[in-house]
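First up is the structure itself, then whatever we jot down about it.
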Amino acid sequence: MEYLDAARRQGFAVLLQRQRETLLRHLAGSPAEHAPRPQSREPGTPGAPADPAPTATGDGRTRLALDKIDAALARLAAGSYGTCSRCGREIALARLALVPATEFCLRCARHPPRARRRVAHFIAGLARFYPR
Ligand SMILES: [Zn+2]
């Protein structure tokens with residue numbers, strides 16, 4: 001299977017671990033700017049994204065992000081990493097490289113069924129106010 005071979009999975013594991021450490025440091029209160037930068041990029045690391053610096057403010061969001069990373073690491077261990085939790089399709093590698101902790105493909109992340117229903121409801125409501 002070419003999509004997520006062992007080397008790529010390892011690359012994502014490294015990425016996720018790094019993000020995890022960054023977030024843990026963030027939680028511990030030390031400024032992320034002083035975090036040691038990884039010196040070299042392992043060959044086979046999937047298109048290492050620009051710093052996944054935690055822009056989240058507040059411990060709640062940091063913890064949430066940590067949970068996502070932990071879940072992604074668990075999926076890596078279980079072998080289900082890279083498969084969309086909603087539709088079961090492969091998540092594009094480019095997307096995983098940008099958001100390694102994601103569990104949804106771009107399509108599902110952009111258009112969650114619930115949000116789609118809400119939009120439809122909203123539009124139906126507008127039509128009532130602005131009849132043609
Ligand atoms: Zn999906």
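Chains: A, B, ... in order of the structure tokens. Residues: from 1 per chain. Ligands: from 1, in order shown.
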Name the residues, by chain letter and number, that sit within 12 Å of ligand 1 using only C-alpha atoms and all ligand atoms, and give them as a ChimeraX atom specification. /A:82-92,95,102-113
Please provide the set of residues having any atom within 12 Å of Gly60 of chain A, restricted to only C-alpha atoms, with same-chain residues fewer than 6 positions apart removed, written as a PyMOL selection string. chain A and resi 23+26-27+66-67
Could you tell me which of A:Ala97, A:Ile123, A:Asp59, A:Phe129 comes closest to Ala28 of chain A if we count only C-alpha atoms?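 For Ala28 of chain A, the nearest of the candidates is A:Asp59.
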Contacts of segment 73-78 of chain A at 10 Å (only C-alpha atoms; same-chain gap of 2+ positions) as a PyMOL selection string: chain A and resi 9-10+12-14+16-17+20+67-71+80-83+100-101+103
